[in-house]
Structures are given as C-alpha cells and as structure tokens.
>>> print(open('final-v2.txt').read())   # compact mmCIF, C-alpha atoms and all ligand atoms
# COMPACT_ATOMS: atom_id res chain seq x y z
CA MET A 1 -3.06 -26.05 18.04
CA GLN A 2 -3.29 -27.89 21.38
CA GLU A 3 -3.53 -25.59 24.41
CA ASP A 4 -4.30 -26.61 27.97
CA VAL A 5 -6.28 -23.55 28.98
CA LEU A 6 -9.83 -23.55 30.30
CA GLY A 7 -11.87 -21.51 27.81
CA ARG A 8 -9.81 -22.77 24.85
CA SER A 9 -10.17 -25.98 22.91
CA ARG A 10 -8.30 -28.79 24.66
CA VAL A 11 -9.84 -31.92 23.23
CA GLY A 12 -7.33 -34.73 22.69
CA GLY A 13 -7.37 -37.28 19.88
CA SER A 14 -8.97 -40.72 19.75
CA ASP A 15 -10.01 -43.26 17.13
CA GLU A 16 -13.62 -42.70 18.07
CA LEU A 17 -13.29 -38.93 17.45
CA ASP A 18 -11.44 -39.46 14.16
CA GLU A 19 -14.23 -41.68 12.97
CA TYR A 20 -16.78 -39.05 14.04
CA TYR A 21 -14.85 -36.29 12.22
CA ALA A 22 -14.83 -38.43 9.06
CA ARG A 23 -18.61 -38.77 9.20
CA LEU A 24 -18.98 -34.99 9.65
CA ALA A 25 -16.64 -34.32 6.70
CA LYS A 26 -18.78 -36.51 4.43
CA LEU A 27 -21.68 -34.16 5.15
CA GLY A 28 -19.64 -31.03 4.49
CA ALA A 29 -19.35 -30.28 8.21
CA GLY A 30 -16.66 -30.25 10.89
CA ALA A 31 -16.11 -29.92 14.64
CA LEU A 32 -15.20 -26.38 15.69
CA TRP A 33 -12.93 -27.51 18.54
CA THR A 34 -10.47 -29.07 16.05
CA VAL A 35 -9.69 -25.63 14.61
CA ALA A 36 -10.97 -23.18 17.25
CA ASN A 37 -7.57 -22.16 18.60
CA ASP A 38 -6.29 -21.53 15.06
CA ILE A 39 -9.23 -19.54 13.78
CA GLU A 40 -9.49 -17.55 16.99
CA PRO A 41 -5.85 -16.73 17.77
CA TRP A 42 -5.00 -14.75 20.91
CA TYR A 43 -3.66 -12.00 18.66
CA PRO A 44 -3.22 -11.53 14.87
CA GLN A 45 -1.10 -14.19 13.16
CA PRO A 46 -0.17 -12.70 9.79
CA ARG A 47 1.08 -15.08 7.12
CA SER A 48 3.09 -12.25 5.57
CA ILE A 49 6.67 -11.73 6.64
CA PRO A 50 8.49 -8.38 6.77
CA MET A 51 10.34 -7.89 3.47
CA LEU A 52 12.66 -5.40 1.80
CA TRP A 53 12.81 -5.07 -1.97
CA LYS A 54 15.91 -3.23 -3.19
CA TYR A 55 15.27 -0.96 -6.14
CA ASP A 56 18.80 -1.37 -7.52
CA GLU A 57 18.21 -5.13 -7.81
CA LEU A 58 14.73 -4.88 -9.29
CA ARG A 59 15.21 -1.97 -11.70
CA PRO A 60 17.20 -3.93 -14.36
CA LEU A 61 14.51 -6.62 -14.39
CA VAL A 62 11.77 -4.02 -14.68
CA LEU A 63 13.58 -2.48 -17.68
CA GLU A 64 14.05 -5.95 -19.16
CA SER A 65 10.31 -6.62 -19.06
CA ALA A 66 9.82 -3.90 -21.66
CA ASN A 67 11.93 -5.94 -24.13
CA LEU A 68 10.24 -9.23 -23.32
CA VAL A 69 6.55 -8.32 -23.63
CA THR A 70 4.73 -5.52 -25.42
CA ALA A 71 2.50 -3.12 -23.54
CA ASP A 72 -0.51 -4.26 -25.61
CA ASP A 73 0.10 -7.95 -24.95
CA ALA A 74 0.71 -7.52 -21.24
CA GLY A 75 -2.03 -4.95 -20.69
CA ARG A 76 0.35 -3.36 -18.22
CA ARG A 77 4.00 -4.20 -17.72
CA VAL A 78 4.46 -4.67 -14.03
CA VAL A 79 6.91 -6.57 -11.84
CA MET A 80 4.88 -7.54 -8.77
CA LEU A 81 6.39 -7.75 -5.30
CA VAL A 82 5.17 -10.90 -3.64
CA ASN A 83 5.27 -12.14 -0.07
CA PRO A 84 6.17 -15.87 -0.07
CA GLU A 85 3.06 -17.02 1.79
CA ARG A 86 0.79 -14.67 -0.20
CA GLU A 87 1.69 -15.81 -3.71
CA GLU A 88 -1.74 -17.20 -4.38
CA LEU A 89 -3.24 -13.79 -3.69
CA SER A 90 -0.48 -11.83 -5.47
CA ALA A 91 -0.11 -9.84 -2.27
CA ALA A 92 2.97 -7.98 -1.07
CA VAL A 93 1.69 -7.92 2.51
CA GLY A 94 -1.66 -8.79 4.05
CA LEU A 95 -4.27 -8.02 1.41
CA LEU A 96 -2.28 -5.30 -0.35
CA TYR A 97 -0.75 -5.66 -3.79
CA THR A 98 2.19 -3.65 -5.07
CA GLY A 99 4.30 -3.63 -8.22
CA LEU A 100 6.72 -1.62 -10.35
CA GLN A 101 5.17 -0.56 -13.64
CA ILE A 102 7.27 0.56 -16.60
CA MET A 103 6.24 2.65 -19.57
CA ASN A 104 8.74 3.33 -22.31
CA PRO A 105 9.00 6.68 -24.12
CA GLY A 106 5.95 7.27 -26.28
CA GLU A 107 4.03 4.26 -25.00
CA SER A 108 0.44 4.23 -23.85
CA MET A 109 -1.81 1.54 -22.42
CA THR A 110 -5.46 0.85 -23.19
CA ALA A 111 -8.20 2.13 -20.90
CA HIS A 112 -9.91 -0.16 -18.44
CA ARG A 113 -11.62 -0.13 -15.09
CA HIS A 114 -12.06 -2.54 -12.22
CA ALA A 115 -13.72 -2.73 -8.84
CA ALA A 116 -10.29 -2.78 -7.20
CA SER A 117 -8.77 0.60 -6.35
CA ALA A 118 -5.28 1.65 -7.35
CA LEU A 119 -2.73 4.26 -6.43
CA ARG A 120 0.60 5.29 -7.97
CA PHE A 121 3.78 6.74 -6.56
CA VAL A 122 6.13 7.91 -9.31
CA ILE A 123 9.72 6.75 -8.88
CA GLU A 124 11.55 7.92 -11.99
CA GLY A 125 11.15 9.41 -15.44
CA GLU A 126 9.54 12.49 -16.93
CA GLY A 127 6.44 12.43 -19.08
CA ALA A 128 4.18 10.09 -17.08
CA TRP A 129 0.49 10.67 -17.54
CA THR A 130 -2.69 8.86 -16.65
CA ILE A 131 -6.26 9.69 -17.57
CA VAL A 132 -8.70 9.00 -14.74
CA ASP A 133 -12.38 9.31 -15.67
CA GLY A 134 -11.43 11.86 -18.34
CA ASP A 135 -9.03 13.93 -16.21
CA ARG A 136 -5.54 13.81 -17.69
CA LEU A 137 -3.03 13.83 -14.82
CA GLU A 138 0.59 14.59 -15.60
CA VAL A 139 2.85 13.33 -12.85
CA GLY A 140 6.56 13.28 -12.07
CA PRO A 141 8.87 11.70 -9.50
CA GLY A 142 7.51 11.92 -5.95
CA ASP A 143 3.94 12.61 -7.10
CA PHE A 144 1.10 10.49 -5.78
CA ALA A 145 -2.04 9.73 -7.80
CA ILE A 146 -5.16 7.63 -7.34
CA THR A 147 -7.40 5.60 -9.62
CA PRO A 148 -10.33 4.74 -7.36
CA GLY A 149 -12.34 1.56 -7.91
CA GLY A 150 -14.71 1.90 -10.87
CA THR A 151 -12.91 4.80 -12.59
CA TRP A 152 -11.70 4.42 -16.19
CA HIS A 153 -7.95 4.74 -16.40
CA GLU A 154 -5.15 4.49 -18.94
CA HIS A 155 -1.51 5.31 -18.56
CA GLY A 156 1.29 6.53 -20.79
CA ASN A 157 4.65 8.20 -21.14
CA SER A 158 4.93 11.26 -23.37
CA SER A 159 8.68 11.66 -22.95
CA GLY A 160 10.93 11.17 -25.94
CA SER A 161 13.79 9.69 -23.99
CA THR A 162 13.23 8.41 -20.43
CA PRO A 163 11.29 5.35 -19.32
CA VAL A 164 8.81 5.97 -16.51
CA ILE A 165 8.74 3.62 -13.54
CA TRP A 166 6.10 4.07 -10.90
CA GLN A 167 4.93 1.97 -8.02
CA ASP A 168 1.37 0.66 -8.19
CA GLY A 169 -0.55 -0.10 -5.01
CA LEU A 170 -3.86 -1.94 -5.25
CA ASP A 171 -6.40 -3.62 -3.00
CA ILE A 172 -6.77 -6.52 -5.48
CA PRO A 173 -6.17 -9.27 -2.86
CA LEU A 174 -8.83 -7.78 -0.58
CA VAL A 175 -11.40 -7.33 -3.33
CA ASN A 176 -10.78 -10.87 -4.59
CA MET A 177 -10.99 -12.32 -1.07
CA LEU A 178 -14.39 -10.62 -0.87
CA ASP A 179 -15.39 -12.08 -4.28
CA ALA A 180 -16.24 -8.59 -5.44
CA ASN A 181 -13.94 -7.88 -8.39
CA PHE A 182 -15.15 -6.81 -11.84
CA TYR A 183 -13.12 -5.78 -14.89
CA GLN A 184 -13.99 -3.98 -18.10
CA VAL A 185 -11.96 -2.89 -21.11
CA HIS A 186 -13.06 0.56 -22.33
CA PRO A 187 -15.40 0.13 -25.33
CA GLU A 188 -13.37 2.69 -27.33
CA LEU A 189 -10.06 1.46 -25.84
CA HIS A 190 -9.24 5.09 -24.99
CA GLN A 191 -10.92 8.00 -23.23
CA VAL A 192 -11.27 11.53 -24.53
CA PRO A 193 -9.41 13.66 -21.98
CA GLY A 194 -10.87 16.90 -20.66
CA ARG A 195 -9.56 20.18 -22.03
CA VAL A 196 -7.36 21.13 -19.06
CA VAL A 197 -4.64 18.86 -17.63
CA ASN A 198 -4.90 18.16 -13.88
CA THR A 199 -8.44 19.53 -13.61
CA SER A 200 -8.94 17.80 -10.24
CA LEU A 201 -5.83 19.49 -8.81
CA LEU A 202 -6.88 22.91 -10.10
CA THR A 203 -10.35 22.43 -8.64
CA HIS A 204 -9.67 20.69 -5.34
CA GLY A 205 -5.98 21.18 -4.63
CA SER A 206 -6.04 24.39 -2.61
CA ILE A 207 -7.07 25.45 0.89
CA LEU A 208 -10.38 26.76 -0.47
CA LYS A 209 -13.40 24.77 -1.54
CA PRO A 210 -15.11 25.93 -4.72
CA ASP A 211 -18.59 27.38 -4.09
CA GLY A 212 -21.47 25.04 -4.62
CA ARG A 213 -19.39 21.93 -5.21
CA THR A 214 -20.81 18.78 -3.78
CA TRP A 215 -19.15 15.39 -3.90
CA SER A 216 -20.86 12.16 -2.96
CA LYS A 217 -18.47 9.54 -4.30
CA PRO A 218 -16.65 7.40 -1.74
CA TYR A 219 -13.20 8.59 -2.81
CA SER A 220 -11.26 11.83 -3.08
CA PRO A 221 -12.19 14.26 -5.88
CA LEU A 222 -8.51 15.23 -5.88
CA LEU A 223 -6.68 12.64 -7.99
CA ALA A 224 -3.07 13.85 -8.00
CA TYR A 225 -0.90 15.09 -5.12
CA PRO A 226 2.34 16.74 -6.29
CA TRP A 227 5.61 16.11 -4.46
CA GLU A 228 6.40 19.84 -4.04
CA MET A 229 3.15 20.52 -2.17
CA THR A 230 3.63 17.38 -0.08
CA TYR A 231 7.18 18.20 0.90
CA GLU A 232 6.25 21.79 1.69
CA ALA A 233 3.43 20.61 3.95
CA LEU A 234 5.82 18.33 5.87
CA ASN A 235 8.40 21.09 6.27
CA ASN A 236 5.73 23.52 7.47
CA LEU A 237 4.41 21.05 10.04
CA ALA A 238 7.97 20.37 11.22
CA LYS A 239 8.31 24.09 12.04
CA VAL A 240 5.46 23.97 14.52
CA SER A 241 5.35 20.38 15.74
CA ASP A 242 7.68 17.82 17.28
CA GLY A 243 5.76 15.14 15.43
CA SER A 244 4.98 11.73 16.81
CA PRO A 245 7.49 9.61 18.75
CA THR A 246 6.52 6.61 16.63
CA ASP A 247 6.12 8.26 13.21
CA GLY A 248 8.08 11.50 13.06
CA ILE A 249 6.37 14.21 11.03
CA ALA A 250 3.61 12.14 9.45
CA MET A 251 0.83 13.40 7.22
CA GLU A 252 -1.99 11.68 5.40
CA TYR A 253 -3.01 12.36 1.81
CA VAL A 254 -6.67 13.19 2.29
CA ASN A 255 -9.94 13.56 0.51
CA PRO A 256 -10.27 17.37 0.77
CA HIS A 257 -14.02 17.05 0.92
CA THR A 258 -14.11 14.89 4.05
CA GLY A 259 -10.63 15.01 5.56
CA GLY A 260 -10.73 11.22 5.41
CA SER A 261 -8.68 8.68 3.48
CA VAL A 262 -8.25 9.08 -0.28
CA MET A 263 -10.15 5.86 -1.01
CA PRO A 264 -12.43 3.63 1.07
CA THR A 265 -10.04 0.68 1.17
CA MET A 266 -6.59 2.30 1.15
CA GLY A 267 -4.98 5.25 2.84
CA ALA A 268 -1.62 6.84 2.01
CA ARG A 269 0.86 8.90 3.97
CA MET A 270 4.14 10.70 3.66
CA GLN A 271 6.30 10.95 6.75
CA MET A 272 9.47 12.90 7.34
CA LEU A 273 12.23 11.71 9.66
CA ARG A 274 14.40 14.63 10.65
CA PRO A 275 18.21 14.29 10.53
CA SER A 276 19.29 11.37 12.76
CA GLU A 277 15.73 10.89 14.03
CA ALA A 278 14.97 7.42 15.43
CA THR A 279 11.32 6.66 16.07
CA LYS A 280 10.08 4.44 18.88
CA ALA A 281 8.58 1.06 18.10
CA HIS A 282 4.86 0.57 17.80
CA ARG A 283 2.49 -1.92 16.25
CA HIS A 284 -1.05 -1.88 14.99
CA THR A 285 -3.48 -3.99 13.04
CA GLY A 286 -3.38 -3.28 9.30
CA SER A 287 -0.64 -3.76 6.73
CA VAL A 288 1.70 -1.12 5.32
CA VAL A 289 3.83 -0.92 2.17
CA TYR A 290 6.62 1.66 2.37
CA GLN A 291 8.50 3.36 -0.45
CA VAL A 292 11.56 5.44 0.39
CA ALA A 293 10.93 8.81 -1.24
CA LYS A 294 14.10 10.48 0.05
CA GLY A 295 17.17 9.73 2.12
CA VAL A 296 18.95 6.79 3.74
CA GLY A 297 18.27 4.87 6.90
CA HIS A 298 16.95 1.64 8.29
CA SER A 299 13.84 0.19 9.83
CA ILE A 300 13.52 -2.66 12.30
CA VAL A 301 10.45 -4.79 11.71
CA ASN A 302 9.81 -7.56 14.22
CA GLY A 303 13.50 -7.47 15.13
CA ARG A 304 14.72 -7.66 11.51
CA ARG A 305 16.82 -4.79 10.28
CA PHE A 306 16.21 -3.44 6.77
CA ASP A 307 18.77 -0.93 5.48
CA TRP A 308 17.10 1.27 2.91
CA LYS A 309 17.75 4.15 0.57
CA LYS A 310 15.70 6.14 -1.92
CA ASN A 311 13.31 4.01 -4.03
CA ASP A 312 13.57 0.86 -1.88
CA ILE A 313 10.31 -0.75 -0.84
CA PHE A 314 9.59 -2.63 2.38
CA CYS A 315 6.51 -3.93 4.12
CA VAL A 316 5.18 -4.12 7.65
CA PRO A 317 2.70 -6.93 8.33
CA SER A 318 -0.22 -6.43 10.68
CA TRP A 319 0.70 -6.40 14.39
CA ALA A 320 4.47 -6.34 13.69
CA TRP A 321 6.59 -4.08 15.88
CA TYR A 322 8.45 -1.51 13.82
CA GLU A 323 10.60 1.58 14.09
CA HIS A 324 12.49 3.79 11.64
CA VAL A 325 15.89 5.49 11.74
CA ASN A 326 17.13 8.31 9.50
CA GLU A 327 20.88 7.72 9.34
CA ASP A 328 21.76 11.02 7.75
CA PRO A 329 22.89 13.59 10.36
CA ALA A 330 22.24 16.51 7.99
CA GLU A 331 19.33 15.61 5.68
CA ASP A 332 15.76 14.56 6.31
CA ALA A 333 14.42 11.24 5.02
CA CYS A 334 10.89 10.81 3.66
CA LEU A 335 8.87 7.61 3.60
CA PHE A 336 5.81 7.28 1.40
CA SER A 337 3.46 4.50 2.47
CA PHE A 338 0.06 3.08 1.73
CA ASN A 339 -2.06 0.94 4.00
CA ASP A 340 -5.40 -0.74 4.60
CA PHE A 341 -6.19 1.34 7.71
CA PRO A 342 -9.50 2.63 6.28
CA VAL A 343 -10.72 -0.96 6.14
CA MET A 344 -9.50 -1.66 9.67
CA ARG A 345 -11.00 1.53 11.07
CA ASN A 346 -14.34 1.21 9.32
CA LEU A 347 -14.73 -2.37 10.45
CA GLY A 348 -13.83 -1.47 14.02
CA LEU A 349 -10.66 -3.59 13.86
CA PHE A 350 -7.95 -0.95 14.24
CA VAL A 351 -5.81 -1.47 17.35
CA GLU A 352 -2.54 0.32 18.09
CA GLU A 353 0.08 -0.14 20.80
CA ALA A 354 3.43 1.47 21.68
CA LEU A 355 6.35 -0.62 22.92
CA SER A 356 6.99 0.19 26.56
CA GLU A 357 10.11 -1.93 27.17
CA ASN A 358 13.70 -1.10 26.41
CA GLY A 359 13.12 2.64 26.01
CA GLY A 360 10.62 1.93 23.23
CA HIS A 361 13.09 0.05 21.04
CA GLN A 362 13.22 -3.56 19.87
CA PRO A 363 16.20 -5.79 20.26
CA GLU A 364 17.56 -6.63 16.79
CA ILE A 365 17.73 -10.31 15.87
O1 LIG A 401 -2.88 0.08 -13.68
O2 LIG A 401 -4.84 -0.59 -13.15
O3 LIG A 401 0.03 -3.10 -11.14
O4 LIG A 401 -5.12 -3.12 -12.86
C1 LIG A 401 -2.00 -4.24 -11.43
C2 LIG A 401 -3.31 -4.25 -11.87
C3 LIG A 401 -1.77 -1.99 -12.16
C4 LIG A 401 -3.64 -0.76 -13.19
C5 LIG A 401 -1.25 -3.11 -11.59
C6 LIG A 401 -3.85 -3.12 -12.45
C7 LIG A 401 -3.07 -1.99 -12.58
>>> encode(input="final-v2.txt", output="structure tokens", more="lines below")
Ligand code: GTQ
Amino acid sequence: MQEDVLGRSRVGGSDELDEYYARLAKLGAGALWTVANDIEPWYPQPRSIPMLWKYDELRPLVLESANLVTADDAGRRVVMLVNPEREELSAAVGLLYTGLQIMNPGESMTAHRHAASALRFVIEGEGAWTIVDGDRLEVGPGDFAITPGGTWHEHGNSSGSTPVIWQDGLDIPLVNMLDANFYQVHPELHQVPGRVVNTSLLTHGSILKPDGRTWSKPYSPLLAYPWEMTYEALNNLAKVSDGSPTDGIAMEYVNPHTGGSVMPTMGARMQMLRPSEATKAHRHTGSVVYQVAKGVGHSIVNGRRFDWKKNDIFCVPSWAWYEHVNEDPAEDACLFSFNDFPVMRNLGLFVEEALSENGGHQPEI
C-alpha cells in the first residue's frame, strides 16, 4: 500500500529495485518497505466480514447431515459456519470456529481430546449429554458447557425422540495458527463416567467454595452453566443496575475459582436487552460470535443491519462498530456470545472505544 507520509514506507518502483527484490527472494529474504504499510496497519484490518446465519435456513441442512453420514464415520456431525475469507482456517470470524452439531436420538460419539478448547451452547432437543474428563454433564436448551483443551470428551443424546442440536465454539483456528494442536482418540473409545451426573455443578456451582478445594488448572472447574441460573442472574442484576450503555445487562460465565474467563483462550457471556432497549455503538479488538438465546431484534455491525430472532447466529469482527436493538416492547431479548477476549487481554492487545458521534449510533448502509 503506497502512502505519502513521513514515517511510513513511501518507496516507489523501479527496474533496479525489482531486480534487487528478485535477488533477495532467491535467498529467502525480502525488503520490509515493500510490505511495511500492510503488516503494520494504522488500525486492525480484519479479513472477516460481519455475517448473519439464519437458523431456519441452516436447520434443515443440519438435520440432513444425519442421513448423509454416520456419527462414527464423521467423528462428529457438524455444519460449520465459515467466513468467506477465513475458509482456509475454518473460521467463522477472526480465529474463532463455530458450528451446529447434531446428535440423533440414542446416538453417541467416541471420546477424544485435543489441544484446542471447545464450548457448547444447546439450541434444541432434550437428552443431550457430554462426558468431560469423567464428569457426565446433562444439558438442555440454553445451557452452556465447556470442554477445555486437553480434556477427554464424548457426546450423546439419550432421548428417544428428539434430535439434539447445539452450537460448538472452538479456538481451532488460533491453535492451528500457533502450530500447537494435538489430537488423540481415547484408547478405550469411551470414558467411564463418575457416579453422579453434573458433579462439577454440584461442587462448584453455588456461591460457596467447598473447604480445602484447590484448583490449579488453567480453566474453570465448573463445566456446565444451566440456563435457569443464568437467566436468574441476569434478572437479578437488572433489578439493581442500569447495565452498560453499550451492552445492556451483560454477564460473563466465569471460573468460580478465579473470577476470570472459563478458559484461557475463550470467554463467554450472556447479555440481556430489556424491552425496546437499543445499545450504543462501540468497538474493540477481539472477535465475537453471537447466538440469540431469546427474543427478536437487530444488530448493526459496521453499518450493516442484521435482523435476528431466537437461534440465529451472527459475528462481529475485531474493531467493527456494533450495536444491538431489542425490538420487542414487552419482552427481554438475550444474546449468548463467545469471544477471544482472554487472548487479547492476556497479550495486552485489548482496546475498546465508544462511538461519540451521532448520539452513539451508526448510520446504516
Ligand atoms: O466436539 O470436540 O464442531 O473437535 C469441531 C471439532 C466439535 C468437538 C466441532 C471438534 C468438536
């Protein structure tokens, strides 16, 4: 990118330079000034674009996948959501992966583990379970669960009648960009679950910490976060707080041991927009994948309007302006989201800014 600014690269072209660049290339080298303005942009230049994936359009294709491939052959039956410029990384936005996984009644998948971390947000169906390092979690619509990097996990559906569809969120693109991924199939193909279902929730899911418990792993000891407790927490906070002008009533799923993010690479939140609430625009570094947990409304992301309703998924690339509107005058709307903020914060790269023009709102394009 040619710029005529002192302090930026502003070298023109010439035959002599081209010949010089060719000689550098032969030695596996190059001249910084030919790429400097691209690799050091003034501000983030995400390749990802804002996108909306409509659940009503995707759901039939997700169901169809269960007739096309078996669970055993596929490993997991998932329809991935892919950003056009991130296809090579299988990323939905930035370095985050997401997909819709289906499990038919009575099905179960084999156990495996990987360096990448995963999270689930259940969309529909009764009977979903997952065993994470021996803890059998039973989850239903609106529940959030984690499978941190390195933990054995296997999923299934114990219902006799309804398919389960949940949204997967993983940091696969990040871990692969860092050349740090590993994968193992469980030597027995299945784990032996502990005696009590949801042991992590019974141990770590209250306002008290069990005596003498220490926890040194880099992720939350609490593996499942039920919808009822989440929604109650949001409603309670709404009684005592006006929330944030840019996020409404927003709460983070936390590691109860540290108060920090559930996993080192990904954080997750649930936010409530009160009836007719319209948030003000802001932007920050870090990518976000949203899932509409409840309600109807729209979001404007970099000037593009996305009309959403329950179960729709949309993404916000790094440094994009965005704002949300709950269109229902009587009911709240809830947005589940996951993000790479822990990475941004821990690397000292998190930057946030509120829009000051136009009353804090973007013009729509
Ligand atoms: O369940 O661990 O959607 O490894 C993609 C890769 C889910 C999983 C995905 C995975 C998983």
>>> atom_distance(input="final-v2.txt", atom1="atom CA of Gly297 of chain A", atom2="atom CA of His324 of chain A")
7.6 Å
>>> closest_residue(input="final-v2.txt", among="A:Lys239, A:Arg345, A:Arg136, A:His153", to="Val197 of chain A", atoms="all atoms listed in the file")
A:Arg136
>>> residues_near_ligand(input="final-v2.txt", ligand="ligand LIG 401 (chain A)", cutoff="6 Å", atoms="only C-alpha atoms and all ligand atoms", output="ChimeraX atom specification")
/A:78,99,168
>>> residues_around(input="final-v2.txt", residues="Leu95 of chain A", least_positions_apart="6", cutoff="8 Å", atoms="all atoms listed in the file", output="PDB file with C-alpha atoms, keeping the file's coordinate frame")
ATOM      1  CA  LEU A  89      -3.240 -13.790  -3.690  1.00  0.00           C
ATOM      2  CA  ASP A 171      -6.400  -3.620  -3.000  1.00  0.00           C
ATOM      3  CA  ILE A 172      -6.770  -6.520  -5.480  1.00  0.00           C
ATOM      4  CA  PRO A 173      -6.170  -9.270  -2.860  1.00  0.00           C
ATOM      5  CA  LEU A 174      -8.830  -7.780  -0.580  1.00  0.00           C
ATOM      6  CA  SER A 287      -0.640  -3.760   6.730  1.00  0.00           C
TER       7      SER A 287
END
>>> atom_distance(input="final-v2.txt", atom1="atom CA of Met229 of chain A", atom2="atom CA of Asp143 of chain A")
9.4 Å
>>> closest_residue(input="final-v2.txt", among="A:Gly13, A:Gly127, A:Gly360, A:Pro46", to="Val93 of chain A", atoms="only C-alpha atoms")
A:Pro46
>>> residues_around(input="final-v2.txt", residues="Val196 of chain A", least_positions_apart="5", cutoff="12 Å", atoms="all atoms listed in the file", output="list in words")
Ile131, Gly134, Asp135, Arg136, Leu137, Glu138, Leu201, Leu202 and Thr203 of chain A
>>> write_last_selection(input="final-v2.txt", atoms="C-alpha atoms", output="mmCIF file, keeping the file's coordinate frame")
data_model
loop_
_atom_site.group_PDB
_atom_site.id
_atom_site.type_symbol
_atom_site.label_atom_id
_atom_site.label_comp_id
_atom_site.auth_asym_id
_atom_site.auth_seq_id
_atom_site.Cartn_x
_atom_site.Cartn_y
_atom_site.Cartn_z
ATOM 1 C CA ILE A 131 -6.260 9.690 -17.570
ATOM 2 C CA GLY A 134 -11.430 11.860 -18.340
ATOM 3 C CA ASP A 135 -9.030 13.930 -16.210
ATOM 4 C CA ARG A 136 -5.540 13.810 -17.690
ATOM 5 C CA LEU A 137 -3.030 13.830 -14.820
ATOM 6 C CA GLU A 138 0.590 14.590 -15.600
ATOM 7 C CA LEU A 201 -5.830 19.490 -8.810
ATOM 8 C CA LEU A 202 -6.880 22.910 -10.100
ATOM 9 C CA THR A 203 -10.350 22.430 -8.640
#
>>> residues_around(input="final-v2.txt", residues="segment 258-261 of chain A", least_positions_apart="3", cutoff="10 Å", atoms="only C-alpha atoms", output="number ranges by chain")
A: 215, 218-220, 252-255, 264-269, 341-342
>>> write_last_selection(input="final-v2.txt", atoms="C-alpha atoms", output="mmCIF file, keeping the file's coordinate frame")
data_model
loop_
_atom_site.group_PDB
_atom_site.id
_atom_site.type_symbol
_atom_site.label_atom_id
_atom_site.label_comp_id
_atom_site.auth_asym_id
_atom_site.auth_seq_id
_atom_site.Cartn_x
_atom_site.Cartn_y
_atom_site.Cartn_z
ATOM 1 C CA TRP A 215 -19.150 15.390 -3.900
ATOM 2 C CA PRO A 218 -16.650 7.400 -1.740
ATOM 3 C CA TYR A 219 -13.200 8.590 -2.810
ATOM 4 C CA SER A 220 -11.260 11.830 -3.080
ATOM 5 C CA GLU A 252 -1.990 11.680 5.400
ATOM 6 C CA TYR A 253 -3.010 12.360 1.810
ATOM 7 C CA VAL A 254 -6.670 13.190 2.290
ATOM 8 C CA ASN A 255 -9.940 13.560 0.510
ATOM 9 C CA PRO A 264 -12.430 3.630 1.070
ATOM 10 C CA THR A 265 -10.040 0.680 1.170
ATOM 11 C CA MET A 266 -6.590 2.300 1.150
ATOM 12 C CA GLY A 267 -4.980 5.250 2.840
ATOM 13 C CA ALA A 268 -1.620 6.840 2.010
ATOM 14 C CA ARG A 269 0.860 8.900 3.970
ATOM 15 C CA PHE A 341 -6.190 1.340 7.710
ATOM 16 C CA PRO A 342 -9.500 2.630 6.280
#
>>> closest_residue(input="final-v2.txt", among="A:Val122, A:Val35, A:Leu68, A:Val139", to="Ser158 of chain A", atoms="all atoms listed in the file")
A:Val139
>>> atom_distance(input="final-v2.txt", atom1="atom CA of Gly149 of chain A", atom2="atom CA of Gln184 of chain A")
11.7 Å
>>> residues_around(input="final-v2.txt", residues="segment 303-319 of chain A", least_positions_apart="3", cutoff="7 Å", atoms="all atoms listed in the file", output="PyMOL selection string")
chain A and resi 44+46+48-55+93-94+123+283-300+362-365
>>> closest_residue(input="final-v2.txt", among="A:Gly160, A:Gly248, A:Gly30, A:Pro256", to="Gln271 of chain A", atoms="all atoms listed in the file")
A:Gly248
>>> closest_residue(input="final-v2.txt", among="A:Lys217, A:His361, A:Arg120, A:His155", to="His282 of chain A", atoms="all atoms listed in the file")
A:His361
>>> closest_residue(input="final-v2.txt", among="A:Asn176, A:Asn198, A:Ser161, A:Ser90", to="Ala145 of chain A", atoms="only C-alpha atoms")
A:Asn198
>>> residues_around(input="final-v2.txt", residues="Glu277 of chain A", least_positions_apart="5", cutoff="12 Å", atoms="all atoms listed in the file", output="list in words")
Asp242, Gly243, Ser244, Pro245, Thr246, Asp247, Gly248, Ile249, Gln271, Met272, Val296, Gly297, His298, Ser299, Glu323, His324, Val325, Asn326, Glu327, Asp328, Pro329, Ala330, Glu331, Asp332, Ala333 and Cys334 of chain A
>>> decode(input="final-v2.txt", residues="segment 137-170 of chain A", atoms="C-alpha atoms", output="PDB file, in the first residue's frame")
ATOM      1  CA  LEU A 137     -22.959 -33.380  32.074  1.00  0.00           C
ATOM      2  CA  GLU A 138     -26.620 -33.467  31.117  1.00  0.00           C
ATOM      3  CA  VAL A 139     -27.614 -30.293  29.322  1.00  0.00           C
ATOM      4  CA  GLY A 140     -30.734 -28.802  27.777  1.00  0.00           C
ATOM      5  CA  PRO A 141     -31.664 -25.787  25.655  1.00  0.00           C
ATOM      6  CA  GLY A 142     -29.983 -22.578  26.842  1.00  0.00           C
ATOM      7  CA  ASP A 143     -27.323 -24.419  28.853  1.00  0.00           C
ATOM      8  CA  PHE A 144     -23.672 -23.615  28.322  1.00  0.00           C
ATOM      9  CA  ALA A 145     -20.893 -26.187  28.761  1.00  0.00           C
ATOM     10  CA  ILE A 146     -17.136 -26.276  28.259  1.00  0.00           C
ATOM     11  CA  THR A 147     -14.630 -28.886  27.148  1.00  0.00           C
ATOM     12  CA  PRO A 148     -11.298 -27.221  27.887  1.00  0.00           C
ATOM     13  CA  GLY A 149      -8.210 -28.058  25.834  1.00  0.00           C
ATOM     14  CA  GLY A 150      -6.743 -31.428  26.825  1.00  0.00           C
ATOM     15  CA  THR A 151      -9.888 -32.844  28.463  1.00  0.00           C
ATOM     16  CA  TRP A 152     -11.378 -36.128  27.198  1.00  0.00           C
ATOM     17  CA  HIS A 153     -14.857 -35.617  25.860  1.00  0.00           C
ATOM     18  CA  GLU A 154     -17.626 -37.558  24.149  1.00  0.00           C
ATOM     19  CA  HIS A 155     -21.147 -36.500  23.367  1.00  0.00           C
ATOM     20  CA  GLY A 156     -24.514 -38.176  23.012  1.00  0.00           C
ATOM     21  CA  ASN A 157     -28.275 -37.917  23.034  1.00  0.00           C
ATOM     22  CA  SER A 158     -30.233 -40.141  25.408  1.00  0.00           C
ATOM     23  CA  SER A 159     -33.653 -39.011  24.205  1.00  0.00           C
ATOM     24  CA  GLY A 160     -35.902 -41.491  22.466  1.00  0.00           C
ATOM     25  CA  SER A 161     -37.458 -38.976  20.127  1.00  0.00           C
ATOM     26  CA  THR A 162     -35.822 -35.565  19.624  1.00  0.00           C
ATOM     27  CA  PRO A 163     -32.584 -34.756  17.836  1.00  0.00           C
ATOM     28  CA  VAL A 164     -30.212 -32.506  19.760  1.00  0.00           C
ATOM     29  CA  ILE A 165     -28.626 -29.539  18.020  1.00  0.00           C
ATOM     30  CA  TRP A 166     -26.078 -27.476  19.849  1.00  0.00           C
ATOM     31  CA  GLN A 167     -23.646 -24.815  18.790  1.00  0.00           C
ATOM     32  CA  ASP A 168     -19.956 -25.636  19.118  1.00  0.00           C
ATOM     33  CA  GLY A 169     -17.407 -22.874  19.616  1.00  0.00           C
ATOM     34  CA  LEU A 170     -13.712 -23.699  19.364  1.00  0.00           C
TER      35      LEU A 170
END
